[in-house]
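J.: Have a peek at entry38.txt (compact mmCIF, C-alpha atoms).
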# COMPACT_ATOMS: atom_id res chain seq x y z
CA MET A 19 67.13 17.67 -157.77
CA SER A 20 67.84 20.92 -159.55
CA SER A 21 67.62 24.29 -157.82
CA ARG A 22 64.88 25.40 -160.28
CA LEU A 23 62.55 22.55 -159.32
CA LEU A 24 62.60 23.23 -155.54
CA PRO A 25 60.68 26.57 -155.67
CA LEU A 26 58.10 25.01 -157.99
CA LEU A 27 57.55 22.10 -155.59
CA ILE A 28 57.24 24.47 -152.63
CA GLY A 29 54.78 26.67 -154.56
CA ALA A 30 52.71 23.63 -155.57
CA GLY A 31 52.67 22.43 -151.95
CA VAL A 32 51.53 25.84 -150.69
CA LEU A 33 48.75 25.93 -153.32
CA LEU A 34 47.67 22.42 -152.39
CA VAL A 35 47.46 23.30 -148.67
CA LEU A 36 45.59 26.53 -149.49
CA ALA A 37 43.10 24.62 -151.64
CA ALA A 38 42.57 22.01 -148.89
CA LEU A 39 41.87 24.78 -146.35
CA SER A 40 39.47 26.56 -148.74
CA LEU A 41 37.17 23.67 -149.68
CA PHE A 42 34.53 21.81 -147.70
CA SER A 43 31.80 19.35 -148.56
CA VAL A 44 28.27 18.90 -147.25
CA SER A 45 26.51 15.54 -147.43
CA GLU A 46 22.79 15.02 -147.99
CA THR A 47 22.22 14.28 -144.31
CA GLU A 48 23.88 17.44 -142.97
CA PHE A 49 23.34 21.13 -142.41
CA ALA A 50 26.44 23.31 -142.51
CA ILE A 51 27.18 26.74 -141.03
CA ARG A 52 30.21 28.79 -141.98
CA THR A 53 31.52 31.23 -139.40
CA GLU A 54 34.12 33.93 -139.82
CA PHE A 55 35.75 34.91 -136.53
CA GLY A 56 32.69 33.62 -134.64
CA LYS A 57 30.07 35.40 -136.76
CA ILE A 58 27.74 33.30 -138.94
CA VAL A 59 28.35 34.20 -142.60
CA GLY A 60 26.73 31.28 -144.42
CA ILE A 61 23.96 28.77 -143.68
CA ASP A 62 22.26 27.66 -146.89
CA TYR A 63 24.56 25.01 -148.32
CA THR A 64 23.28 22.33 -150.66
CA PRO A 65 24.94 18.91 -150.73
CA GLY A 66 28.26 19.01 -152.55
CA LEU A 67 31.61 20.84 -152.59
CA HIS A 68 31.81 24.48 -151.47
CA VAL A 69 34.47 27.18 -151.21
CA LYS A 70 35.38 29.18 -148.09
CA TRP A 71 38.16 31.41 -146.88
CA PRO A 72 40.96 29.48 -145.18
CA TRP A 73 40.27 31.17 -141.83
CA ASP A 74 36.53 30.37 -141.87
CA VAL A 75 35.25 27.54 -139.67
CA VAL A 76 32.57 25.16 -140.95
CA THR A 77 30.35 23.39 -138.41
CA LYS A 78 28.10 20.56 -139.57
CA PHE A 79 24.93 19.19 -137.96
CA ASP A 80 23.00 16.02 -138.63
CA SER A 81 19.69 16.80 -140.35
CA ARG A 82 18.22 13.38 -139.54
CA ILE A 83 16.04 12.56 -136.55
CA LEU A 84 18.11 12.16 -133.38
CA SER A 85 16.96 10.09 -130.43
CA GLN A 86 18.09 10.16 -126.82
CA SER A 87 16.94 8.01 -123.91
CA TYR A 88 16.81 9.06 -120.29
CA THR A 89 16.52 6.45 -117.55
CA GLY A 90 15.84 6.55 -113.87
CA GLU A 91 14.36 10.03 -113.45
CA THR A 92 12.52 10.21 -110.12
CA PHE A 93 9.33 12.27 -109.68
CA LEU A 94 6.97 12.63 -106.71
CA THR A 95 3.28 11.88 -107.20
CA ASN A 96 0.37 13.75 -105.62
CA ASP A 97 0.22 11.18 -102.81
CA GLY A 98 3.94 11.64 -102.00
CA ARG A 99 5.17 8.40 -103.56
CA GLY A 100 8.25 8.28 -105.71
CA LEU A 101 7.95 7.28 -109.33
CA ILE A 102 10.92 6.37 -111.50
CA VAL A 103 10.30 7.19 -115.14
CA ASP A 104 12.23 6.26 -118.29
CA PHE A 105 11.56 8.36 -121.38
CA TYR A 106 13.02 9.16 -124.75
CA VAL A 107 12.98 12.23 -126.98
CA LYS A 108 13.19 12.28 -130.77
CA TRP A 109 14.17 15.56 -132.38
CA ARG A 110 15.86 17.14 -135.37
CA VAL A 111 17.56 20.43 -136.18
CA LYS A 112 15.02 22.83 -137.67
CA ASP A 113 16.88 26.16 -137.77
CA PRO A 114 20.66 25.63 -138.08
CA SER A 115 21.66 29.20 -137.18
CA LEU A 116 19.47 29.31 -134.05
CA TYR A 117 20.62 25.80 -133.09
CA PHE A 118 24.26 26.86 -133.45
CA THR A 119 23.68 30.03 -131.44
CA ALA A 120 21.77 28.25 -128.66
CA THR A 121 23.91 25.12 -128.31
CA GLY A 122 27.18 25.78 -130.11
CA GLY A 123 26.29 22.86 -132.32
CA LEU A 124 26.68 20.34 -129.50
CA VAL A 125 24.19 17.47 -129.67
CA GLU A 126 24.77 16.65 -125.99
CA LEU A 127 23.88 20.20 -124.89
CA ALA A 128 20.73 20.26 -127.03
CA GLY A 129 19.73 16.87 -125.62
CA GLU A 130 20.25 18.08 -122.05
CA ARG A 131 18.13 21.18 -122.64
CA LEU A 132 15.36 19.18 -124.30
CA ALA A 133 15.46 16.67 -121.43
CA GLU A 134 14.97 19.49 -118.93
CA ILE A 135 11.95 20.77 -120.88
CA VAL A 136 10.42 17.29 -120.99
CA LYS A 137 11.25 16.61 -117.32
CA ASP A 138 9.37 19.77 -116.34
CA GLY A 139 6.36 18.50 -118.30
CA ILE A 140 6.51 15.05 -116.71
CA LYS A 141 6.97 16.58 -113.28
CA SER A 142 3.85 18.72 -113.63
CA VAL A 143 1.76 15.75 -114.82
CA VAL A 144 3.03 13.37 -112.13
CA ALA A 145 2.65 15.94 -109.33
CA GLN A 146 -1.06 16.35 -110.15
CA ARG A 147 -1.90 12.63 -109.95
CA THR A 148 -1.63 9.74 -107.54
CA LEU A 149 0.42 6.69 -108.43
CA GLN A 150 -2.77 4.71 -109.07
CA GLN A 151 -4.05 7.36 -111.50
CA ILE A 152 -0.77 7.39 -113.43
CA VAL A 153 -0.50 3.61 -113.67
CA SER A 154 -4.14 3.13 -114.67
CA ALA A 155 -4.29 6.09 -117.07
CA GLU A 156 -3.95 5.59 -120.79
CA ARG A 157 -0.31 6.08 -121.80
CA ALA A 158 -1.08 8.35 -124.74
CA ALA A 159 -3.10 10.74 -122.58
CA VAL A 160 -0.35 11.01 -119.95
CA THR A 161 2.40 11.35 -122.55
CA ALA A 162 0.50 14.06 -124.42
CA ARG A 163 0.33 16.15 -121.27
CA CYS A 164 4.06 15.60 -120.56
CA TRP A 165 5.11 17.05 -123.88
CA PRO A 166 5.11 20.85 -123.63
CA GLY A 167 5.28 21.17 -127.42
CA GLU A 168 6.97 23.43 -129.91
CA PRO A 169 7.12 26.84 -128.17
CA HIS A 170 9.57 25.52 -125.57
CA ALA A 171 11.85 23.79 -128.08
CA ALA A 172 11.70 26.59 -130.66
CA GLY A 173 14.29 28.61 -128.74
CA LEU A 174 16.82 25.83 -129.42
CA GLY A 175 16.21 25.74 -133.17
CA VAL A 176 14.98 22.15 -133.02
CA ASP A 177 11.75 20.40 -133.87
CA LEU A 178 10.47 17.89 -131.29
CA VAL A 179 9.35 14.87 -133.27
CA ASP A 180 8.25 12.56 -130.45
CA VAL A 181 8.39 12.25 -126.67
CA ARG A 182 7.46 8.93 -125.07
CA VAL A 183 7.35 7.69 -121.53
CA ARG A 184 8.73 4.17 -121.90
CA ALA A 185 8.34 2.68 -118.44
CA SER A 186 7.45 3.62 -114.89
CA THR A 187 8.52 2.01 -111.65
CA SER A 188 7.33 2.56 -108.12
CA PRO A 189 10.34 2.32 -105.79
CA THR A 190 8.07 1.37 -102.87
CA LYS A 191 6.80 -1.81 -104.56
CA TRP A 192 9.65 -2.32 -107.04
CA ARG A 193 7.34 -3.61 -109.71
CA ARG A 194 7.79 -2.59 -113.31
CA VAL A 195 4.75 -1.22 -115.09
CA SER A 196 5.06 -1.05 -118.86
CA THR A 197 3.54 1.99 -120.57
CA ARG A 198 4.46 0.92 -124.09
CA ALA A 199 1.77 0.80 -126.74
Would you write out, as C-alpha cells, the structure that this file holds?

T.:
Amino acid sequence: MSSRLLPLLIGAGVLLVLAALSLFSVSETEFAIRTEFGKIVGIDYTPGLHVKWPWDVVTKFDSRILSQSYTGETFLTNDGRGLIVDFYVKWRVKDPSLYFTATGGLVELAGERLAEIVKDGIKSVVAQRTLQQIVSAERAAVTARCWPGEPHAAGLGVDLVDVRVRASTSPTKWRRVSTRA
C-alpha cells in the first residue's frame, strides 16, 4: 500500500463514520424526537431518511396502539370483601414531545402511570358497591365508570383507546366470574 493511499482511506473512513452518525430513519409506525443536549429540537418527522448533527440523540416511539394487561389487583368492596380484578389498557402516543417529557420515552413508565390512573378509577367504583352489585351489574356500565377518561391521561401525552375489566374473583369464595362481553 502506498503512502499516498493511506490518508485517503483514513479520510474516507472518517467521512463514512460522520455520515452514519448524521443520518437517521423513521418508519411509518414511529414518531421520532431529536434532542440536542437534552432539549427537544425536532418532533415532526415524516417516514424516511433524515439528517441530524452527530451529537443529537434521536428517540423513537411506536405510533400504533399499545396494550398492557394487569392481573391480580385487589380492591375492597363496600361490604369489606376483597375483589381481585384483572384489567387491560389500550393506548397510543398522542403528543410525542409531552410523552417524552413525562415518561422519557419509556413504554413501561407510561404503562405504570396509566395503570395507576385506571386503578384509582376501579378502586372508586368497587368501594361504592357490594360484591353482589359488582358481579350482577352490567360489565359495560361498571367499566365505563372505572375509566377516568382523557383529562387524566392527557398529562402523559397519550390517548386512552380502551380500558376493560377482564375478570373478577372473590378471594372468599374463589370462584371466577367472567365480565367479558

J.: Quick one: pull the distance between CA of Pro114 (chain A) and CA of Arg82 (chain A), Å, one decimal.

T.: 12.6 Å

J.: Which polymer residues have any atom within 9 Å of an atom of Phe118 (chain A), counting only C-alpha atoms, with same-chain residues fewer than 2 positions away left out, as a tab-separated table (two decimals) with C-alpha atoms, keeping the file's coordinate frame?

T.:
chain	number	residue	atom	x	y	z
A	51	ILE	CA	27.18	26.74	-141.03
A	77	THR	CA	30.35	23.39	-138.41
A	79	PHE	CA	24.93	19.19	-137.96
A	113	ASP	CA	16.88	26.16	-137.77
A	114	PRO	CA	20.66	25.63	-138.08
A	115	SER	CA	21.66	29.20	-137.18
A	116	LEU	CA	19.47	29.31	-134.05
A	120	ALA	CA	21.77	28.25	-128.66
A	121	THR	CA	23.91	25.12	-128.31
A	122	GLY	CA	27.18	25.78	-130.11
A	123	GLY	CA	26.29	22.86	-132.32
A	124	LEU	CA	26.68	20.34	-129.50
A	174	LEU	CA	16.82	25.83	-129.42
A	175	GLY	CA	16.21	25.74	-133.17

J.: Excluding same-chain residues fewer than 4 positions from Asp180 (chain A), what lies within 8 Å of it counting only C-alpha atoms, as a list in words?

T.: Val107, Lys108 and Trp109 of chain A

J.: How would the residues just chosen look if you wrote them out with C-alpha atoms as a PDB file, in the coordinates of the input?

T.:
ATOM      1  CA  VAL A 107      12.980  12.230-126.980  1.00  0.00           C
ATOM      2  CA  LYS A 108      13.190  12.280-130.770  1.00  0.00           C
ATOM      3  CA  TRP A 109      14.170  15.560-132.380  1.00  0.00           C
TER       4      TRP A 109
END

J.: Using only C-alpha atoms, pick whichever of A:Arg99, A:Lys57, A:Lys78, A:His68 has the shortest atom-to-atom distance to Thr148 (chain A).

T.: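 Nearest candidate to Thr148 (chain A) out of A:Arg99, A:Lys57, A:Lys78, A:His68: A:Arg99.
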
J.: Quick one: residues within 12 Å of Leu84 (chain A), all atoms listed in the file counted, chain neighbours fewer than 6 positions away excluded, as a VMD selection string?

T.: chain A and resid 47 106 to 112 125 to 126 128 to 129 132 176 to 181

J.: Given the point (13.5, 8.9, -118.9) in the coordinates of this file, which residues lie within 9 Å, counting only C-alpha atoms, and how would they look as a list in words?

T.: Ser87, Tyr88, Thr89, Gly90, Glu91, Thr92, Ile102, Val103, Asp104, Phe105, Tyr106, Val107, Ala133, Lys137, Arg182, Val183, Arg184, Ala185 and Ser186 of chain A

J.: Could you give me, as a PyMOL selection string, the residues within 12 Å of Val59 (chain A), counting all atoms listed in the file and dropping anything in the same chain fewer than 3 positions from it?

T.: chain A and resi 50-56+62-63+70-71+74-77+115

J.: Please write the residues from the selection above to a file, keeping C-alpha atoms, as a PDB file, in the coordinates of the input.

T.:
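New file selection27.pdb:
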ATOM      1  CA  ALA A  50      26.440  23.310-142.510  1.00  0.00           C
ATOM      2  CA  ILE A  51      27.180  26.740-141.030  1.00  0.00           C
ATOM      3  CA  ARG A  52      30.210  28.790-141.980  1.00  0.00           C
ATOM      4  CA  THR A  53      31.520  31.230-139.400  1.00  0.00           C
ATOM      5  CA  GLU A  54      34.120  33.930-139.820  1.00  0.00           C
ATOM      6  CA  PHE A  55      35.750  34.910-136.530  1.00  0.00           C
ATOM      7  CA  GLY A  56      32.690  33.620-134.640  1.00  0.00           C
ATOM      8  CA  ASP A  62      22.260  27.660-146.890  1.00  0.00           C
ATOM      9  CA  TYR A  63      24.560  25.010-148.320  1.00  0.00           C
ATOM     10  CA  LYS A  70      35.380  29.180-148.090  1.00  0.00           C
ATOM     11  CA  TRP A  71      38.160  31.410-146.880  1.00  0.00           C
ATOM     12  CA  ASP A  74      36.530  30.370-141.870  1.00  0.00           C
ATOM     13  CA  VAL A  75      35.250  27.540-139.670  1.00  0.00           C
ATOM     14  CA  VAL A  76      32.570  25.160-140.950  1.00  0.00           C
ATOM     15  CA  THR A  77      30.350  23.390-138.410  1.00  0.00           C
ATOM     16  CA  SER A 115      21.660  29.200-137.180  1.00  0.00           C
TER      17      SER A 115
END

J.: For CA of Gly100 (chain A) and CA of Ser142 (chain A), determine how far apart the two atoms are, in Å to one decimal place.

T.: 13.8 Å

J.: In Å, rounded to a single decimal, give me how far CA of Trp73 (chain A) is from CA of Thr119 (chain A).

T.: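 One can read the CA of Thr119 (chain A) to CA of Trp73 (chain A) distance as 19.6 Å.
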
J.: Which residue out of A:Ser20, A:Ser85, A:Asn96, A:Ser45 has the minimum interatomic distance to Pro65 (chain A) when all atoms listed in the file are used?

T.: A:Ser45

J.: Let me make sure I understand: among A:Arg147, A:Ile140, A:Ile135, A:Val153, which one has the smallest atom-to-atom distance to Asp97 (chain A) if we use only C-alpha atoms?

T.: A:Arg147
